[in-house]
Amino acid sequence: MVDEPDGEPSLTIAVLGGTGKLGSALAERLVRAGHTVVIGSRDAARARHGAAVIGERVGRDAGERIGGADNAVAAAGAEVIVLTVPFEAQEATLRGIADVVDTRVVISTAVPVRFEQESGPVHVDVAEGSASLQVAKLLPGARVVSALQTVSSATLARTERAVDADIIVTGDDPAAKLVAARLLAALPGIRVIDGGPLRNARYVEQLTVLLLSINMGARRSTGIRITNLPDDRTLMVVPSS
Ligand SMILES: NC(=O)c1ccc[n+]([C@@H]2O[C@H](COP(=O)([O-])OP(=O)(O)OC[C@H]3O[C@@H](n4cnc5c(N)ncnc54)[C@H](OP(=O)(O)O)[C@@H]3O)[C@@H](O)[C@H]2O)c1
């Protein structure tokens with residue numbers, strides 16, 4: 001971890017599934033925010049290609065802070081791991097990295113959802129209670145934080161614009177939650193809100209299914225804002241320790 005001049009630490013972050021829609025947009029924003037990012041993929045060459053595309057977009061200096069590797073190598077070299085694979089792929093992805101994760105901060109973003117022809121998005125019940133609780137079960141030592149579900153990849157991908165959305169972060173380890181909150185709150189236009197323990201992640205995941213349904217009708221990528229909130233529920237205002 002390297003301290004930036006403004007006091008916010010610059011982290012090495014593995015974005016597993018960072019070749020996809022959410023992961024690539026998030027990776028670009030994290031690099032632009034000063035972090036080092038390793039794109040993870042099932043295929044190291046695909047990860048390197050994805051990293052090179054983002055490197056081109058961010059320019060030469062920032063582009064030196066992004067690389068690609070297979071998921072396990074990316075996870076092993078990172079301080080923070082962000083999971084951006086579809087829920088159906090989560091279990092296999094986690095089994096592939098379980099030996100290297102140790103007590104790292106792992107950010108779960110998955111929304112268990114299936115799309116039906118007639119009715120649109122439908123929540124998929126998860127035996128553990130939520131996608132995030134499944135991460136905690138399969139990575140027993142990891143400090144799991146749930147975040148980002150309600151922000152669309154299309155919104156994140158417009159990196160020239162501020163995001164203009166709240167993100168609800170849940171988790172059982174306050175220090176891990178703060179690490180995740182700080183790195184997300186540093187992305188322009190994002191306010192991070194403390195959503196309580198990891199068991200509350202299920203409500204954020206289910207709310208996202210509703211947003212996906214609204215998106216279909218509105219033909220827009222919507223997000224959320226929580227109103228009338230005192231500052232002590234927003235994690236972004238917590239000063240650096
Ligand atoms: N898209 C959004 O707007 C959004 C917003 C909030 C949260 N999320 C959550 O973020 C996660 C990623 O969403 P996405 O839309 O970015 O997904 P995606 O683009 O469809 O896939 C992301 C990456 O996951 C890997 N992957 C895909 N299928 C896989 C499989 N069967 N087994 C193993 N790996 C597989 C692929 O990477 P490799 O082939 O390189 O391994 C792919 O590039 C999901 O859990 C979603 O619920 C998405």
# chains A, B, ... in the order shown; residues from 1 in each chain; ligands from 1

$ residues_around --residues "Glu160 in chain A" --least-positions-apart "6" --cutoff "12 Å" --atoms "only C-alpha atoms" --output "list of chain:residue names"
A:Ala25, A:Glu28, A:Arg29, A:Arg32, A:Arg57, A:Val58, A:Leu187, A:Pro188, A:Gly189

$ write_last_selection --atoms "N, CA and C atoms" --output "tab-separated table (two decimals), in the first residue's frame"
chain	number	residue	atom	x	y	z
A	25	ALA	N	-15.24	-1.35	-16.67
A	25	ALA	CA	-15.56	0.06	-16.35
A	25	ALA	C	-15.02	0.44	-14.98
A	28	GLU	N	-11.17	0.77	-15.03
A	28	GLU	CA	-10.72	2.05	-15.60
A	28	GLU	C	-10.87	3.18	-14.59
A	29	ARG	N	-12.00	3.20	-13.90
A	29	ARG	CA	-12.20	4.28	-12.91
A	29	ARG	C	-11.20	4.16	-11.76
A	32	ARG	N	-7.87	5.43	-12.95
A	32	ARG	CA	-7.92	6.90	-13.03
A	32	ARG	C	-7.86	7.54	-11.64
A	57	ARG	N	-6.85	3.74	-23.11
A	57	ARG	CA	-7.86	4.76	-22.82
A	57	ARG	C	-7.37	5.77	-21.78
A	58	VAL	N	-6.63	5.29	-20.78
A	58	VAL	CA	-6.25	6.19	-19.68
A	58	VAL	C	-4.95	6.94	-19.97
A	187	LEU	N	-14.33	7.71	-6.28
A	187	LEU	CA	-14.75	7.77	-7.69
A	187	LEU	C	-15.77	8.91	-7.83
A	188	PRO	N	-15.57	9.80	-8.78
A	188	PRO	CA	-16.40	11.01	-8.85
A	188	PRO	C	-17.90	10.71	-8.92
A	189	GLY	N	-18.65	11.39	-8.05
A	189	GLY	CA	-20.11	11.30	-8.08
A	189	GLY	C	-20.70	10.18	-7.25

$ select_by_dssp --residues "range 31-104 of chain A" --states "helix (DSSP H, G or I)" --output "PyMOL selection string"
chain A and resi 31-32+44-58+60-63+71-76+87-101

$ closest_atom_pairs --of "chain A" --to "ligand 1" --cutoff "9 Å" --atoms "only C-alpha atoms and all ligand atoms" --output "tab-separated table"
residue	atom	partner	partner_atom_place_in_ligand_line	distance
A:Leu16	CA	ligand 1	24 (O)	7.4
A:Gly17	CA	ligand 1	23 (C)	3.8
A:Gly18	CA	ligand 1	23 (C)	6.2
A:Thr19	CA	ligand 1	43 (O)	4.1
A:Gly20	CA	ligand 1	19 (O)	3.3
A:Lys21	CA	ligand 1	16 (O)	3.6
A:Leu22	CA	ligand 1	16 (O)	3.7
A:Gly23	CA	ligand 1	16 (O)	5.5
A:Ser24	CA	ligand 1	16 (O)	7.6
A:Ala25	CA	ligand 1	16 (O)	8.6
A:Ile39	CA	ligand 1	40 (O)	8.7
A:Gly40	CA	ligand 1	40 (O)	6.9
A:Ser41	CA	ligand 1	41 (O)	3.7
A:Arg42	CA	ligand 1	41 (O)	3.8
A:Asp43	CA	ligand 1	40 (O)	5.9
A:Ala44	CA	ligand 1	40 (O)	8.0
A:Ala45	CA	ligand 1	40 (O)	8.9
A:Arg46	CA	ligand 1	40 (O)	5.9
A:Ala47	CA	ligand 1	40 (O)	6.1
A:Gly50	CA	ligand 1	40 (O)	8.5
A:Asp70	CA	ligand 1	41 (O)	8.1
A:Asn71	CA	ligand 1	41 (O)	7.7
A:Leu83	CA	ligand 1	11 (C)	7.1
A:Thr84	CA	ligand 1	11 (C)	4.0
A:Val85	CA	ligand 1	24 (O)	3.7
A:Pro86	CA	ligand 1	45 (O)	3.5
A:Phe87	CA	ligand 1	45 (O)	4.6
A:Glu88	CA	ligand 1	31 (N)	6.4
A:Ala89	CA	ligand 1	32 (N)	4.1
A:Gln90	CA	ligand 1	33 (C)	7.1
A:Glu91	CA	ligand 1	33 (C)	8.8
A:Ala92	CA	ligand 1	33 (C)	6.7
A:Thr93	CA	ligand 1	33 (C)	6.1
A:Ser108	CA	ligand 1	45 (O)	8.1
A:Thr109	CA	ligand 1	9 (C)	5.0
A:Ala110	CA	ligand 1	45 (O)	3.1
A:Val111	CA	ligand 1	47 (O)	3.7
A:Pro112	CA	ligand 1	47 (O)	6.3
A:Val113	CA	ligand 1	47 (O)	7.2
A:Ala131	CA	ligand 1	45 (O)	8.5
A:Ala147	CA	ligand 1	7 (C)	8.4
A:Leu148	CA	ligand 1	6 (C)	5.6
A:Gln149	CA	ligand 1	6 (C)	3.9
A:Thr150	CA	ligand 1	6 (C)	5.6
A:Val151	CA	ligand 1	5 (C)	5.3
A:Ser152	CA	ligand 1	3 (O)	3.5
A:Ser153	CA	ligand 1	3 (O)	3.6
A:Ala154	CA	ligand 1	3 (O)	6.2
A:Thr155	CA	ligand 1	3 (O)	7.9
A:Leu156	CA	ligand 1	3 (O)	8.3
A:Glu205	CA	ligand 1	47 (O)	8.4
A:Thr208	CA	ligand 1	6 (C)	7.8
A:Leu212	CA	ligand 1	3 (O)	8.9
A:Ser221	CA	ligand 1	3 (O)	8.2

$ write_last_selection --atoms "C-alpha atoms" --output "short mmCIF file (atom, residue, chain, number, x, y, z; two decimals), in the first residue's frame"
data_model
loop_
_atom_site.label_atom_id
_atom_site.label_comp_id
_atom_site.auth_asym_id
_atom_site.auth_seq_id
_atom_site.Cartn_x
_atom_site.Cartn_y
_atom_site.Cartn_z
CA LEU A 16 -11.76 -10.73 -11.34
CA GLY A 17 -13.91 -10.91 -14.44
CA GLY A 18 -12.51 -7.49 -15.29
CA THR A 19 -12.76 -8.39 -18.97
CA GLY A 20 -16.54 -7.93 -18.68
CA LYS A 21 -18.92 -5.00 -18.54
CA LEU A 22 -18.86 -4.01 -14.87
CA GLY A 23 -15.26 -5.02 -14.22
CA SER A 24 -13.71 -3.18 -17.14
CA ALA A 25 -15.56 0.06 -16.35
CA ILE A 39 -7.59 -7.52 -14.48
CA GLY A 40 -8.37 -11.16 -13.72
CA SER A 41 -9.77 -13.64 -16.22
CA ARG A 42 -10.04 -17.39 -16.76
CA ASP A 43 -7.63 -16.69 -19.62
CA ALA A 44 -4.50 -14.65 -18.84
CA ALA A 45 -4.15 -13.51 -22.47
CA ARG A 46 -7.72 -12.16 -22.44
CA ALA A 47 -6.94 -10.35 -19.19
CA GLY A 50 -8.47 -6.12 -21.58
CA ASP A 70 -5.42 -15.28 -14.64
CA ASN A 71 -7.83 -14.94 -11.74
CA LEU A 83 -15.50 -10.05 -7.92
CA THR A 84 -17.17 -9.01 -11.17
CA VAL A 85 -18.25 -12.34 -12.63
CA PRO A 86 -21.89 -13.39 -13.19
CA PHE A 87 -23.47 -15.08 -10.18
CA GLU A 88 -23.63 -18.38 -12.10
CA ALA A 89 -19.82 -18.22 -12.42
CA GLN A 90 -19.15 -17.10 -8.86
CA GLU A 91 -18.79 -20.46 -7.17
CA ALA A 92 -16.30 -21.80 -9.75
CA THR A 93 -14.35 -18.55 -9.65
CA SER A 108 -18.88 -8.93 -3.82
CA THR A 109 -20.92 -7.26 -6.56
CA ALA A 110 -23.04 -10.12 -7.93
CA VAL A 111 -26.78 -9.92 -8.37
CA PRO A 112 -28.42 -13.36 -8.53
CA VAL A 113 -30.87 -12.77 -11.34
CA ALA A 131 -24.55 -13.91 -3.40
CA ALA A 147 -21.09 -3.18 -2.81
CA LEU A 148 -21.77 -1.76 -6.27
CA GLN A 149 -24.84 -3.81 -7.18
CA THR A 150 -27.07 -0.80 -7.84
CA VAL A 151 -24.64 0.99 -10.18
CA SER A 152 -24.93 0.00 -13.82
CA SER A 153 -21.87 -0.79 -15.89
CA ALA A 154 -23.15 1.60 -18.58
CA THR A 155 -23.06 4.46 -16.09
CA LEU A 156 -19.61 3.49 -14.82
CA GLU A 205 -29.14 -7.55 -4.41
CA THR A 208 -31.10 -4.26 -7.95
CA LEU A 212 -33.15 -3.81 -13.72
CA SER A 221 -29.55 2.81 -16.57
#

$ closest_residue --among "A:Pro174, A:Gly34, A:Gly217, A:Pro140" --to "Arg95 in chain A" --atoms "only C-alpha atoms"
A:Pro140

$ closest_residue --among "A:Ser119, A:Ser10, A:Thr159, A:Asn200" --to "Arg65 in chain A" --atoms "only C-alpha atoms"
A:Ser10

$ decode --residues "range 19-35 of chain A" --atoms "C-alpha atoms" --output "short mmCIF file (atom, residue, chain, number, x, y, z; two decimals), in the first residue's frame"
data_model
loop_
_atom_site.label_atom_id
_atom_site.label_comp_id
_atom_site.auth_asym_id
_atom_site.auth_seq_id
_atom_site.Cartn_x
_atom_site.Cartn_y
_atom_site.Cartn_z
CA THR A 19 -12.76 -8.39 -18.97
CA GLY A 20 -16.54 -7.93 -18.68
CA LYS A 21 -18.92 -5.00 -18.54
CA LEU A 22 -18.86 -4.01 -14.87
CA GLY A 23 -15.26 -5.02 -14.22
CA SER A 24 -13.71 -3.18 -17.14
CA ALA A 25 -15.56 0.06 -16.35
CA LEU A 26 -14.68 -0.20 -12.67
CA ALA A 27 -11.06 -1.04 -13.44
CA GLU A 28 -10.72 2.05 -15.60
CA ARG A 29 -12.20 4.28 -12.91
CA LEU A 30 -9.94 2.77 -10.23
CA VAL A 31 -6.84 3.33 -12.37
CA ARG A 32 -7.92 6.90 -13.03
CA ALA A 33 -8.30 7.33 -9.25
CA GLY A 34 -4.65 6.39 -8.76
CA HIS A 35 -4.83 2.70 -7.89
#
